[in-house]
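Undergrad: File my_file21.cif below, mmCIF, C-alpha atoms:
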```cif
data_coords
loop_
_atom_site.label_atom_id
_atom_site.label_comp_id
_atom_site.auth_asym_id
_atom_site.auth_seq_id
_atom_site.Cartn_x
_atom_site.Cartn_y
_atom_site.Cartn_z
CA MET Y 64 43.53 11.12 -16.67
CA ILE Y 65 43.73 8.01 -18.85
CA THR Y 66 44.64 4.48 -17.80
CA VAL Y 67 44.81 1.54 -20.19
CA LYS Y 68 45.51 -1.99 -19.01
CA ILE Y 69 45.72 -5.20 -20.98
CA GLN Y 70 46.33 -8.18 -18.75
CA LYS Y 71 46.02 -11.93 -18.47
CA LYS Y 72 44.96 -12.15 -14.85
CA GLN Y 73 41.45 -11.50 -13.54
CA PHE Y 74 40.61 -7.98 -12.49
CA ASN Y 75 38.39 -6.78 -9.67
CA PRO Y 76 35.69 -4.38 -10.95
CA GLN Y 77 34.90 -3.23 -7.41
CA LYS Y 78 38.48 -2.13 -6.73
CA ILE Y 79 38.64 -0.39 -10.08
CA LEU Y 80 35.43 1.45 -9.22
CA ILE Y 81 36.76 2.48 -5.79
CA ASN Y 82 39.86 3.96 -7.41
CA ALA Y 83 37.81 5.74 -10.05
CA GLU Y 84 35.68 7.31 -7.36
CA LYS Y 85 38.79 8.51 -5.56
CA ASP Y 86 40.44 9.94 -8.64
CA LYS Y 87 37.53 11.51 -10.48
CA LYS Y 88 36.53 15.11 -9.86
CA TYR Y 89 33.13 15.35 -11.51
CA GLY Y 90 29.52 14.33 -11.02
CA ALA Y 91 28.79 11.61 -13.58
CA LEU Y 92 30.44 8.19 -13.76
CA VAL Y 93 29.45 5.56 -16.32
CA SER Y 94 30.96 2.11 -16.30
CA PHE Y 95 30.60 -0.82 -18.63
CA ILE Y 96 31.57 -4.38 -17.80
CA GLY Y 97 31.51 -7.08 -20.44
CA SER Y 98 31.79 -10.64 -19.21
CA VAL Y 99 31.84 -14.18 -20.58
CA ARG Y 100 28.31 -15.47 -21.17
CA GLU Y 101 27.49 -18.97 -20.03
CA GLU Y 102 25.34 -19.71 -23.06
CA THR Y 103 25.78 -18.62 -26.65
CA ASN Y 104 23.99 -19.68 -29.82
CA ASN Y 105 26.48 -22.51 -30.04
CA GLY Y 106 25.82 -23.99 -26.61
CA LYS Y 107 27.17 -23.89 -23.07
CA VAL Y 108 30.54 -22.14 -22.95
CA LYS Y 109 33.26 -23.92 -20.93
CA LYS Y 110 35.96 -21.36 -21.53
CA LEU Y 111 36.70 -18.35 -23.64
CA PHE Y 112 40.15 -17.98 -25.13
CA ILE Y 113 41.20 -14.46 -26.10
CA GLU Y 114 44.17 -13.93 -28.41
CA HIS Y 115 45.58 -10.44 -28.92
CA TYR Y 116 48.21 -8.42 -30.73
CA LYS Y 117 49.76 -6.73 -27.74
CA ASN Y 118 51.50 -3.62 -29.01
CA MET Y 119 48.81 -2.72 -31.48
CA ALA Y 120 46.02 -3.29 -28.93
CA GLU Y 121 47.65 -0.97 -26.42
CA LYS Y 122 48.25 1.68 -29.06
CA ILE Y 123 44.69 1.59 -30.44
CA ILE Y 124 42.97 1.57 -27.07
CA TYR Y 125 45.08 4.44 -25.79
CA LYS Y 126 44.37 6.47 -28.93
CA THR Y 127 40.65 5.75 -28.58
CA ALA Y 128 40.71 6.91 -24.96
CA LEU Y 129 42.56 10.10 -25.95
CA ASN Y 130 39.99 10.85 -28.66
CA ALA Y 131 37.13 10.30 -26.24
CA GLU Y 132 38.76 12.39 -23.52
CA LYS Y 133 39.15 15.30 -25.93
CA LYS Y 134 35.76 15.02 -27.62
CA TRP Y 135 33.68 14.73 -24.42
CA ASN Y 136 35.96 16.60 -22.03
CA LEU Y 137 36.39 13.60 -19.76
CA ASP Y 138 37.83 14.00 -16.33
CA TYR Y 139 38.72 10.32 -15.98
CA CYS Y 140 38.95 7.37 -18.34
CA TYR Y 141 39.92 3.81 -17.41
CA ILE Y 142 40.00 0.85 -19.80
CA ILE Y 143 41.00 -2.70 -18.93
CA HIS Y 144 40.84 -5.71 -21.28
CA ARG Y 145 41.86 -9.29 -20.60
CA TYR Y 146 43.46 -11.90 -22.81
CA GLY Y 147 44.17 -15.59 -22.32
CA SER Y 148 41.80 -18.20 -20.93
CA LEU Y 149 38.60 -17.03 -19.18
CA LYS Y 150 35.76 -18.92 -17.52
CA ALA Y 151 32.04 -18.19 -17.88
CA GLY Y 152 31.06 -15.22 -15.72
CA GLU Y 153 34.54 -13.67 -15.64
CA SER Y 154 34.91 -10.05 -16.75
CA ILE Y 155 36.54 -9.47 -20.14
CA VAL Y 156 36.55 -5.71 -20.33
CA MET Y 157 35.70 -2.71 -18.16
CA VAL Y 158 35.42 0.90 -19.28
CA ILE Y 159 34.90 3.81 -16.87
CA THR Y 160 34.27 7.36 -18.06
CA CYS Y 161 33.69 10.39 -15.83
CA SER Y 162 32.52 13.86 -16.76
CA LYS Y 163 30.65 16.83 -15.38
CA HIS Y 164 27.34 15.83 -16.95
CA ARG Y 165 25.97 12.39 -17.64
CA LYS Y 166 25.43 12.70 -21.41
CA GLU Y 167 29.16 13.04 -22.06
CA ALA Y 168 30.06 10.11 -19.82
CA TYR Y 169 27.52 7.83 -21.54
CA ALA Y 170 28.50 8.91 -25.07
CA ALA Y 171 32.23 8.52 -24.41
CA ASN Y 172 31.74 5.11 -22.80
CA GLN Y 173 29.75 3.74 -25.74
CA TYR Y 174 32.17 5.28 -28.24
CA ILE Y 175 35.12 3.56 -26.59
CA ILE Y 176 33.45 0.14 -26.52
CA ASP Y 177 32.12 0.46 -30.09
CA TRP Y 178 35.54 1.54 -31.39
CA LEU Y 179 37.34 -1.16 -29.45
CA LYS Y 180 34.99 -3.85 -30.82
CA ILE Y 181 35.73 -2.81 -34.40
CA ASN Y 182 39.41 -1.95 -34.17
CA ALA Y 183 41.27 -3.40 -31.22
CA PRO Y 184 43.14 -6.58 -32.20
CA PHE Y 185 41.56 -9.19 -29.92
CA TRP Y 186 40.03 -12.46 -31.12
CA LYS Y 187 37.72 -14.67 -29.08
CA LYS Y 188 37.43 -18.43 -29.33
CA GLU Y 189 34.62 -20.15 -27.50
CA ILE Y 190 35.51 -23.54 -26.04
CA PHE Y 191 32.52 -25.89 -25.63
CA GLU Y 192 32.44 -29.41 -24.19
CA ASN Y 193 33.29 -31.12 -27.48
CA LYS Y 194 34.23 -28.37 -29.89
CA SER Y 195 35.62 -24.88 -30.15
CA LYS Y 196 34.77 -22.00 -32.45
CA TRP Y 197 36.26 -18.59 -33.28
CA VAL Y 198 33.65 -15.93 -32.61
CA GLU Y 199 32.44 -14.10 -35.72
CA GLN Y 200 32.39 -10.32 -35.79
CA THR Y 201 28.92 -8.87 -35.23
CA LEU Y 202 28.66 -5.09 -35.37
CA MET G 1427 14.96 -8.78 -11.33
CA ILE G 1428 14.26 -5.22 -10.21
CA THR G 1429 15.39 -3.51 -7.01
CA VAL G 1430 14.49 0.08 -6.10
CA LYS G 1431 15.86 1.78 -3.01
CA ILE G 1432 15.32 5.29 -1.73
CA GLN G 1433 17.31 5.98 1.39
CA LYS G 1434 18.79 8.68 3.58
CA LYS G 1435 22.06 6.97 4.44
CA GLN G 1436 25.11 6.74 2.21
CA PHE G 1437 25.36 3.74 -0.08
CA ASN G 1438 28.42 1.80 -1.18
CA PRO G 1439 28.64 1.58 -4.99
CA GLN G 1440 31.26 -1.18 -4.77
CA LYS G 1441 29.03 -3.45 -2.70
CA ILE G 1442 26.10 -2.78 -5.00
CA LEU G 1443 28.29 -3.72 -7.97
CA ILE G 1444 29.46 -6.94 -6.28
CA ASN G 1445 25.84 -7.97 -5.70
CA ALA G 1446 24.88 -7.11 -9.27
CA GLU G 1447 27.69 -9.28 -10.58
CA LYS G 1448 26.50 -12.16 -8.42
CA ASP G 1449 22.85 -11.86 -9.41
CA LYS G 1450 23.07 -11.06 -13.11
CA LYS G 1451 23.13 -13.80 -15.73
CA TYR G 1452 24.20 -12.00 -18.86
CA GLY G 1453 27.23 -10.47 -20.51
CA ALA G 1454 26.77 -6.68 -20.42
CA LEU G 1455 26.56 -4.51 -17.30
CA VAL G 1456 26.23 -0.73 -17.45
CA SER G 1457 26.25 1.37 -14.32
CA PHE G 1458 25.74 5.06 -13.75
CA ILE G 1459 26.70 6.92 -10.60
CA GLY G 1460 25.72 10.54 -10.11
CA SER G 1461 27.41 12.36 -7.25
CA VAL G 1462 27.49 15.79 -5.64
CA ARG G 1463 29.81 18.13 -7.52
CA GLU G 1464 32.16 20.30 -5.49
CA GLU G 1465 31.73 23.30 -7.73
CA THR G 1466 28.68 24.54 -9.57
CA ASN G 1467 28.04 27.77 -11.44
CA ASN G 1468 27.02 29.27 -8.12
CA GLY G 1469 30.24 28.46 -6.28
CA LYS G 1470 31.73 25.88 -3.96
CA VAL G 1471 29.03 23.51 -2.67
CA LYS G 1472 29.12 22.82 1.09
CA LYS G 1473 26.16 20.50 1.12
CA LEU G 1474 23.35 19.30 -1.04
CA PHE G 1475 19.92 18.91 0.49
CA ILE G 1476 17.52 16.57 -1.33
CA GLU G 1477 13.81 16.70 -0.56
CA HIS G 1478 11.49 14.01 -1.91
CA TYR G 1479 7.90 12.81 -2.08
CA LYS G 1480 8.44 9.32 -0.80
CA ASN G 1481 5.49 7.24 -2.02
CA MET G 1482 5.34 8.86 -5.42
CA ALA G 1483 9.12 8.58 -5.93
CA GLU G 1484 9.07 4.85 -5.19
CA LYS G 1485 6.10 4.30 -7.46
CA ILE G 1486 7.55 6.25 -10.41
CA ILE G 1487 11.01 4.73 -10.19
CA TYR G 1488 9.64 1.22 -9.95
CA LYS G 1489 7.37 1.82 -12.95
CA THR G 1490 10.30 3.22 -14.91
CA ALA G 1491 12.40 0.16 -14.10
CA LEU G 1492 9.55 -2.14 -15.16
CA ASN G 1493 9.19 -0.32 -18.48
CA ALA G 1494 12.93 -0.53 -19.10
CA GLU G 1495 13.08 -4.21 -18.15
CA LYS G 1496 10.33 -5.02 -20.63
CA LYS G 1497 11.52 -2.79 -23.46
CA TRP G 1498 15.17 -3.90 -23.41
CA ASN G 1499 14.75 -7.39 -22.01
CA LEU G 1500 16.89 -6.67 -18.95
CA ASP G 1501 18.17 -9.45 -16.82
CA TYR G 1502 18.89 -7.19 -13.84
CA CYS G 1503 17.98 -3.64 -12.87
CA TYR G 1504 19.01 -1.85 -9.66
CA ILE G 1505 18.18 1.76 -8.81
CA ILE G 1506 19.14 3.58 -5.63
CA HIS G 1507 18.52 7.28 -4.89
CA ARG G 1508 19.34 9.23 -1.74
CA TYR G 1509 17.53 12.04 0.02
CA GLY G 1510 18.47 14.26 2.94
CA SER G 1511 21.76 16.05 3.45
CA LEU G 1512 24.75 15.06 1.28
CA LYS G 1513 28.34 16.30 1.16
CA ALA G 1514 30.36 17.07 -1.97
CA GLY G 1515 31.63 13.86 -3.55
CA GLU G 1516 28.91 11.64 -2.08
CA SER G 1517 26.85 9.51 -4.47
CA ILE G 1518 23.28 10.65 -5.09
CA VAL G 1519 22.04 7.98 -7.44
CA MET G 1520 23.22 4.69 -8.93
CA VAL G 1521 21.58 2.76 -11.76
CA ILE G 1522 22.72 -0.70 -12.89
CA THR G 1523 21.30 -2.43 -15.96
CA CYS G 1524 22.32 -5.85 -17.26
CA SER G 1525 21.45 -7.52 -20.52
CA LYS G 1526 22.76 -10.01 -23.03
CA HIS G 1527 24.19 -7.37 -25.34
CA ARG G 1528 25.65 -4.00 -24.50
CA LYS G 1529 23.35 -1.80 -26.59
CA GLU G 1530 20.30 -2.74 -24.51
CA ALA G 1531 22.09 -2.18 -21.20
CA TYR G 1532 23.28 1.30 -22.29
CA ALA G 1533 19.91 2.32 -23.70
CA ALA G 1534 17.98 1.13 -20.65
CA ASN G 1535 20.39 2.84 -18.28
CA GLN G 1536 20.10 6.19 -20.02
CA TYR G 1537 16.34 5.86 -20.32
CA ILE G 1538 16.01 5.28 -16.57
CA ILE G 1539 18.17 8.26 -15.63
CA ASP G 1540 16.52 10.56 -18.18
CA TRP G 1541 13.06 9.54 -17.04
CA LEU G 1542 13.96 9.85 -13.38
CA LYS G 1543 15.37 13.36 -13.92
CA ILE G 1544 12.13 14.53 -15.50
CA ASN G 1545 9.56 12.67 -13.42
CA ALA G 1546 10.78 11.43 -10.07
CA PRO G 1547 9.76 13.83 -7.27
CA PHE G 1548 13.14 14.86 -5.84
CA TRP G 1549 14.30 18.46 -5.40
CA LYS G 1550 17.87 19.54 -4.80
CA LYS G 1551 18.98 22.57 -2.83
CA GLU G 1552 22.63 23.58 -2.95
CA ILE G 1553 24.02 24.95 0.31
CA PHE G 1554 26.96 27.33 -0.15
CA GLU G 1555 29.03 29.09 2.52
CA ASN G 1556 26.71 32.09 2.81
CA LYS G 1557 23.63 31.23 0.79
CA SER G 1558 21.51 28.39 -0.50
CA LYS G 1559 19.66 27.88 -3.76
CA TRP G 1560 17.12 25.41 -5.15
CA VAL G 1561 18.56 23.80 -8.28
CA GLU G 1562 16.69 24.68 -11.48
CA GLN G 1563 15.60 21.93 -13.85
CA THR G 1564 17.91 21.51 -16.83
CA LEU G 1565 16.93 18.87 -19.35
CA MET T 1283 59.73 -8.24 -43.18
CA ARG T 1284 58.26 -9.65 -39.98
CA VAL T 1285 54.90 -11.30 -40.69
CA LEU T 1286 52.43 -11.97 -37.85
CA TYR T 1287 49.36 -14.21 -38.02
CA PHE T 1288 46.50 -14.22 -35.53
CA ALA T 1289 43.51 -16.35 -34.58
CA LYS T 1290 42.13 -18.60 -37.34
CA VAL T 1291 44.76 -17.40 -39.81
CA ARG T 1292 47.50 -18.35 -37.35
CA GLU T 1293 45.92 -21.78 -36.79
CA ILE T 1294 45.63 -22.60 -40.50
CA ILE T 1295 49.11 -21.37 -41.38
CA GLY T 1296 50.42 -23.11 -38.28
CA LEU T 1297 52.78 -20.32 -37.23
CA PRO T 1298 52.39 -17.19 -35.10
CA GLU T 1299 55.05 -15.36 -37.11
CA GLU T 1300 57.84 -15.68 -39.65
CA ASN T 1301 60.28 -13.54 -41.60
CA ILE T 1302 59.67 -13.16 -45.32
CA ASP T 1303 61.77 -11.20 -47.78
CA LEU T 1304 59.61 -9.16 -50.13
CA PRO T 1305 59.98 -10.29 -53.77
CA SER T 1306 60.73 -7.36 -56.05
CA ASN T 1307 57.33 -7.55 -57.81
CA VAL T 1308 55.42 -7.13 -54.49
CA GLN T 1309 54.35 -3.53 -53.97
CA THR T 1310 51.05 -3.53 -52.10
CA VAL T 1311 49.40 -5.56 -49.37
CA GLU T 1312 47.26 -7.14 -52.10
CA ASP T 1313 50.39 -8.19 -54.03
CA PHE T 1314 51.81 -9.70 -50.86
CA LEU T 1315 48.66 -11.71 -50.13
CA ASP T 1316 48.67 -13.00 -53.72
CA TYR T 1317 52.32 -13.92 -53.35
CA LEU T 1318 51.62 -15.92 -50.18
CA ILE T 1319 48.53 -17.59 -51.68
CA SER T 1320 50.55 -18.80 -54.68
CA LYS T 1321 53.44 -19.93 -52.48
CA GLU T 1322 51.89 -22.78 -50.56
CA ASN T 1323 48.55 -24.47 -50.02
CA LYS T 1324 48.24 -23.49 -46.32
CA TYR T 1325 48.42 -19.79 -47.25
CA ASP T 1326 45.81 -20.32 -49.93
CA LEU T 1327 43.53 -21.96 -47.34
CA ALA T 1328 44.06 -19.20 -44.81
CA LEU T 1329 43.98 -16.14 -47.05
CA SER T 1330 42.06 -16.76 -50.25
CA ASN T 1331 38.85 -15.18 -48.90
CA LYS T 1332 40.45 -11.75 -48.91
CA GLU T 1333 37.27 -9.97 -47.78
CA ALA T 1334 37.64 -11.75 -44.45
CA ILE T 1335 41.30 -10.83 -44.03
CA HIS T 1336 42.37 -7.65 -42.28
CA ILE T 1337 45.83 -6.13 -42.31
CA ALA T 1338 47.88 -3.94 -40.01
CA CYS T 1339 51.24 -2.53 -41.03
CA ASP T 1340 53.49 -1.43 -38.18
CA GLU T 1341 50.49 -1.58 -35.85
CA ASP T 1342 48.06 0.49 -37.92
CA HIS T 1343 45.07 -0.82 -39.84
CA VAL T 1344 45.67 -0.42 -43.60
CA ASP T 1345 43.75 -1.09 -46.81
CA LYS T 1346 44.81 -3.72 -49.34
CA ASP T 1347 46.29 -1.09 -51.66
CA PHE T 1348 48.73 0.09 -48.99
CA ILE T 1349 52.35 0.22 -50.29
CA LEU T 1350 54.61 -2.03 -48.22
CA LYS T 1351 57.90 -0.34 -49.05
CA ASN T 1352 58.76 0.90 -45.53
CA THR T 1353 56.81 -1.67 -43.54
CA LYS T 1354 58.79 -3.55 -40.92
CA GLU T 1355 55.96 -5.63 -39.48
CA ILE T 1356 52.79 -6.81 -41.20
CA ALA T 1357 49.98 -8.51 -39.29
CA ILE T 1358 47.38 -10.67 -41.06
CA PHE T 1359 44.19 -11.59 -39.21
CA PRO T 1360 40.40 -12.16 -39.34
CA PRO T 1361 38.02 -9.35 -38.28
CA VAL T 1362 38.61 -8.54 -34.61
CA THR T 1363 36.13 -9.72 -31.94
CA GLY T 1364 37.28 -8.15 -28.68
CA GLY T 1365 35.37 -6.10 -26.15
CA MET D 1138 -8.36 16.78 0.56
CA ARG D 1139 -4.76 16.37 1.72
CA VAL D 1140 -2.54 19.01 0.12
CA LEU D 1141 1.26 18.52 0.02
CA TYR D 1142 3.85 21.17 -0.80
CA PHE D 1143 7.45 20.52 -1.73
CA ALA D 1144 10.72 22.42 -2.10
CA LYS D 1145 10.42 26.15 -2.82
CA VAL D 1146 6.62 25.98 -2.75
CA ARG D 1147 6.76 24.42 0.71
CA GLU D 1148 9.18 27.07 1.90
CA ILE D 1149 7.08 29.99 0.70
CA ILE D 1150 3.78 28.60 1.96
CA GLY D 1151 5.52 27.64 5.19
CA LEU D 1152 3.87 24.24 5.54
CA PRO D 1153 4.68 20.72 4.25
CA GLU D 1154 1.00 19.80 4.15
CA GLU D 1155 -2.52 20.77 5.20
CA ASN D 1156 -6.11 19.62 4.77
CA ILE D 1157 -8.35 21.79 2.60
CA ASP D 1158 -12.02 21.19 1.84
CA LEU D 1159 -12.76 21.72 -1.83
CA PRO D 1160 -15.18 24.65 -2.41
CA SER D 1161 -18.09 23.62 -4.61
CA ASN D 1162 -16.97 25.81 -7.53
CA VAL D 1163 -13.54 24.08 -7.73
CA GLN D 1164 -13.51 21.39 -10.42
CA THR D 1165 -10.03 21.23 -11.91
CA VAL D 1166 -6.46 21.58 -10.67
CA GLU D 1167 -6.43 25.01 -12.32
CA ASP D 1168 -9.54 26.05 -10.34
CA PHE D 1169 -7.90 24.84 -7.14
CA LEU D 1170 -4.70 26.81 -7.78
CA ASP D 1171 -6.80 29.94 -8.49
CA TYR D 1172 -8.71 29.35 -5.28
CA LEU D 1173 -5.49 29.12 -3.24
CA ILE D 1174 -3.97 32.16 -4.95
CA SER D 1175 -7.03 34.26 -4.10
CA LYS D 1176 -7.13 32.95 -0.53
CA GLU D 1177 -3.94 34.36 0.92
CA ASN D 1178 -0.85 36.26 -0.10
CA LYS D 1179 1.59 33.39 0.62
CA TYR D 1180 -0.23 31.16 -1.89
CA ASP D 1181 -0.15 33.92 -4.45
CA LEU D 1182 3.62 34.26 -3.94
CA ALA D 1183 4.19 30.52 -4.20
CA LEU D 1184 1.83 29.62 -7.03
CA SER D 1185 1.10 32.59 -9.29
CA ASN D 1186 3.72 31.54 -11.86
CA LYS D 1187 1.65 28.53 -12.86
CA GLU D 1188 4.03 27.46 -15.62
CA ALA D 1189 6.58 26.66 -12.93
CA ILE D 1190 4.15 24.64 -10.81
CA HIS D 1191 3.70 20.91 -11.29
CA ILE D 1192 0.91 18.81 -9.85
CA ALA D 1193 0.48 15.19 -8.82
CA CYS D 1194 -2.88 13.75 -7.80
CA ASP D 1195 -2.74 10.56 -5.75
CA GLU D 1196 0.90 10.17 -6.77
CA ASP D 1197 0.51 10.59 -10.52
CA HIS D 1198 1.59 13.60 -12.57
CA VAL D 1199 -1.49 15.39 -13.95
CA ASP D 1200 -2.22 18.38 -16.16
CA LYS D 1201 -3.89 21.53 -14.90
CA ASP D 1202 -7.25 20.55 -16.43
CA PHE D 1203 -7.39 17.35 -14.37
CA ILE D 1204 -10.75 16.96 -12.53
CA LEU D 1205 -10.19 16.73 -8.78
CA LYS D 1206 -13.47 15.00 -7.89
CA ASN D 1207 -11.98 11.72 -6.61
CA THR D 1208 -8.56 13.00 -5.57
CA LYS D 1209 -7.56 12.26 -1.98
CA GLU D 1210 -4.07 13.75 -2.07
CA ILE D 1211 -2.79 16.59 -4.23
CA ALA D 1212 0.90 17.53 -4.34
CA ILE D 1213 2.07 20.95 -5.54
CA PHE D 1214 5.72 21.47 -6.40
CA PRO D 1215 8.32 23.07 -8.70
CA PRO D 1216 9.84 21.04 -11.58
CA VAL D 1217 11.72 18.07 -10.16
CA THR D 1218 15.55 18.07 -10.05
CA GLY D 1219 16.56 14.60 -8.88
CA GLY D 1220 18.97 12.11 -10.39
#
```
Here is a file; write its structure as C-alpha cells.

TA:
Amino acid sequence: MITVKIQKKQFNPQKILINAEKDKKYGALVSFIGSVREETNNGKVKKLFIEHYKNMAEKIIYKTALNAEKKWNLDYCYIIHRYGSLKAGESIVMVITCSKHRKEAYAANQYIIDWLKINAPFWKKEIFENKSKWVEQTL
Amino acid sequence: MITVKIQKKQFNPQKILINAEKDKKYGALVSFIGSVREETNNGKVKKLFIEHYKNMAEKIIYKTALNAEKKWNLDYCYIIHRYGSLKAGESIVMVITCSKHRKEAYAANQYIIDWLKINAPFWKKEIFENKSKWVEQTL
Amino acid sequence: MRVLYFAKVREIIGLPEENIDLPSNVQTVEDFLDYLISKENKYDLALSNKEAIHIACDEDHVDKDFILKNTKEIAIFPPVTGG
Amino acid sequence: MRVLYFAKVREIIGLPEENIDLPSNVQTVEDFLDYLISKENKYDLALSNKEAIHIACDEDHVDKDFILKNTKEIAIFPPVTGG
C-alpha cells in the first residue's frame, strides 16, 4: 500500500503515524521526519520557502515508492512532502516504511529519502531577517 | 537528552512522537517501532510473553544510548521497551533519534536497535493456540 | 513548446513559464540552451553555467544530448534541494 | 553468591534465583557451570549445551573464563531475543 501526498498545508506526524499503525500488517515500522532547522550556516531562519514542479514531483515520488516497495517487500509506504512557506520547526517531509523485519524498513526508508533529495523537483529558499538564499544541493 | 523506559504497560507511539517533536532542536528525526507480528513461522501468535533482567536491561540500554549520542552527536534519544504479556499488533519497542542531518539519525537508530537485539537481556516466548515456544536469536 | 523555469532560474529569467517555438537548427537540449543564451541577456545570466542547470522533458530528467523532437514540456532548473 | 536464571534456563531449573556458596575449587564461570551440571540433573539439562548459555556477572556480559572471585550476582540465560 503506497500513499504519496504533496501539500501546502501543515501535516500532523502523529495522525499519520496512527493511520500507519492501523493499516500496516507487519512488525517493523521506520519513520523519518525532516523539519525546518532554526539555525543554518547562514544564520537564524525566519521562514523556508519551498518551490516545486507539481506533476513531476508526484510522478517521481510515486515511482520511488513503487521501486522501494518491490525491492524491500514493503507492506506499507507513506510519503508526504510540503511546499510553500514554512516556519522553523515545521515538518517538511515524512516517510514511513513498514516490513516484516527491521532491516528492510530502514533500507527502504533511507533509499526513498536519498532518492527524493537527488531527484524530486523541490527547491528550498531560506528567508533570514535581512536576506534570502536558495539552498545549495549537498549530497 | 536521553530517556530510557522499560515498562509493562502499553505505550502510545503518537504521544512519544509529540514529545520528541517538542523537545528536539534539530532537523532530522528517525523513529523505529517494533511490534508483535500476528503470524510467525510457527503459526498464528496469540500472545507474546517478554521476560527481562530489569537492572541489567536498564544499564545496557542507557549505555547504548550514551554511546550513540556521543558517536552521532544526537540532540535527542528516546528508547522504550516493554516486558510482560503482549497481544499481536502491540508495540514492543520504540527508538527515536534526532540529529542535525538525517544520516546520523538513521545510523544511530539502527545501531541502538542492533545493539539492543544482541545485548539487552530480554527473552521472547510466543504463545500459540496449543503450544508455546521461546524465540531463537536471529541476527 | 512549453518551457518552465524554477527557483533561481525562474527568478533571473523573471517568468515561471513561456511558450517558445523550436528553431529548425535546435535538435538537443544543449542546442536549446545555447539558443536561449544567445537570445537575450537574462537567459545568458540564468543558464550560462550549464553544469548547474538540470533539465526535465515531459517530467523526466534528461541529459543535455536529449533530442527535443517530441517534447511538449521542457523544465529548466538548478539542482533540486527537497527532502 | 546470588544466582539468577532466565527464560528457558529458568523454566528447566524451575527457579528464578537461588543463593549458592562457591566451592573452593570454582574459579571461573566455566568451573561454576561444571559444578552446577555435576550437582543435579536439572542443571545438566539446562546448562550442558554451554554454547547456548550466556552469562552476566554483576550486570555485565562476561566470557566463560571470567574469574568469579568478586562477583555478587551471576545471571545465566539463553541468547537474548529482545527488540

Undergrad: Could you expand the PyMOL selection byres ((chain T and resi 1302) around 9) into the explicit residues it covers here, written as a ChimeraX atom specification?

TA: /T:1283-1285,1300-1301,1303-1305

Undergrad: Measure the distance from CA of Val1311 in chain T to CA of Lys1346 in chain T in Å and round it to one decimal.

TA: 4.9 Å

Undergrad: Within 10 Å of range 1523-1536 of chain G, counting only C-alpha atoms, which residues qualify if same-chain residues fewer than 4 places away don't, as an MDAnalysis selection string?

TA: (chainID Y and resid 93:98 100 103 165:166 169:170 172:173 176:177) or (chainID G and resid 1427:1428 1446:1447 1449:1458 1490:1491 1493:1505 1540:1542)

Undergrad: Could the residues in this selection be written to a file with C-alpha atoms, as a PDB file, in the frame of the given file?

TA:
```pdb
ATOM      1  CA  VAL Y  93      29.450   5.560 -16.320  1.00  0.00           C
ATOM      2  CA  SER Y  94      30.960   2.110 -16.300  1.00  0.00           C
ATOM      3  CA  PHE Y  95      30.600  -0.820 -18.630  1.00  0.00           C
ATOM      4  CA  ILE Y  96      31.570  -4.380 -17.800  1.00  0.00           C
ATOM      5  CA  GLY Y  97      31.510  -7.080 -20.440  1.00  0.00           C
ATOM      6  CA  SER Y  98      31.790 -10.640 -19.210  1.00  0.00           C
ATOM      7  CA  ARG Y 100      28.310 -15.470 -21.170  1.00  0.00           C
ATOM      8  CA  THR Y 103      25.780 -18.620 -26.650  1.00  0.00           C
ATOM      9  CA  ARG Y 165      25.970  12.390 -17.640  1.00  0.00           C
ATOM     10  CA  LYS Y 166      25.430  12.700 -21.410  1.00  0.00           C
ATOM     11  CA  TYR Y 169      27.520   7.830 -21.540  1.00  0.00           C
ATOM     12  CA  ALA Y 170      28.500   8.910 -25.070  1.00  0.00           C
ATOM     13  CA  ASN Y 172      31.740   5.110 -22.800  1.00  0.00           C
ATOM     14  CA  GLN Y 173      29.750   3.740 -25.740  1.00  0.00           C
ATOM     15  CA  ILE Y 176      33.450   0.140 -26.520  1.00  0.00           C
ATOM     16  CA  ASP Y 177      32.120   0.460 -30.090  1.00  0.00           C
TER      17      ASP Y 177
ATOM     18  CA  MET G1427      14.960  -8.780 -11.330  1.00  0.00           C
ATOM     19  CA  ILE G1428      14.260  -5.220 -10.210  1.00  0.00           C
ATOM     20  CA  ALA G1446      24.880  -7.110  -9.270  1.00  0.00           C
ATOM     21  CA  GLU G1447      27.690  -9.280 -10.580  1.00  0.00           C
ATOM     22  CA  ASP G1449      22.850 -11.860  -9.410  1.00  0.00           C
ATOM     23  CA  LYS G1450      23.070 -11.060 -13.110  1.00  0.00           C
ATOM     24  CA  LYS G1451      23.130 -13.800 -15.730  1.00  0.00           C
ATOM     25  CA  TYR G1452      24.200 -12.000 -18.860  1.00  0.00           C
ATOM     26  CA  GLY G1453      27.230 -10.470 -20.510  1.00  0.00           C
ATOM     27  CA  ALA G1454      26.770  -6.680 -20.420  1.00  0.00           C
ATOM     28  CA  LEU G1455      26.560  -4.510 -17.300  1.00  0.00           C
ATOM     29  CA  VAL G1456      26.230  -0.730 -17.450  1.00  0.00           C
ATOM     30  CA  SER G1457      26.250   1.370 -14.320  1.00  0.00           C
ATOM     31  CA  PHE G1458      25.740   5.060 -13.750  1.00  0.00           C
ATOM     32  CA  THR G1490      10.300   3.220 -14.910  1.00  0.00           C
ATOM     33  CA  ALA G1491      12.400   0.160 -14.100  1.00  0.00           C
ATOM     34  CA  ASN G1493       9.190  -0.320 -18.480  1.00  0.00           C
ATOM     35  CA  ALA G1494      12.930  -0.530 -19.100  1.00  0.00           C
ATOM     36  CA  GLU G1495      13.080  -4.210 -18.150  1.00  0.00           C
ATOM     37  CA  LYS G1496      10.330  -5.020 -20.630  1.00  0.00           C
ATOM     38  CA  LYS G1497      11.520  -2.790 -23.460  1.00  0.00           C
ATOM     39  CA  TRP G1498      15.170  -3.900 -23.410  1.00  0.00           C
ATOM     40  CA  ASN G1499      14.750  -7.390 -22.010  1.00  0.00           C
ATOM     41  CA  LEU G1500      16.890  -6.670 -18.950  1.00  0.00           C
ATOM     42  CA  ASP G1501      18.170  -9.450 -16.820  1.00  0.00           C
ATOM     43  CA  TYR G1502      18.890  -7.190 -13.840  1.00  0.00           C
ATOM     44  CA  CYS G1503      17.980  -3.640 -12.870  1.00  0.00           C
ATOM     45  CA  TYR G1504      19.010  -1.850  -9.660  1.00  0.00           C
ATOM     46  CA  ILE G1505      18.180   1.760  -8.810  1.00  0.00           C
ATOM     47  CA  ASP G1540      16.520  10.560 -18.180  1.00  0.00           C
ATOM     48  CA  TRP G1541      13.060   9.540 -17.040  1.00  0.00           C
ATOM     49  CA  LEU G1542      13.960   9.850 -13.380  1.00  0.00           C
TER      50      LEU G1542
END
```
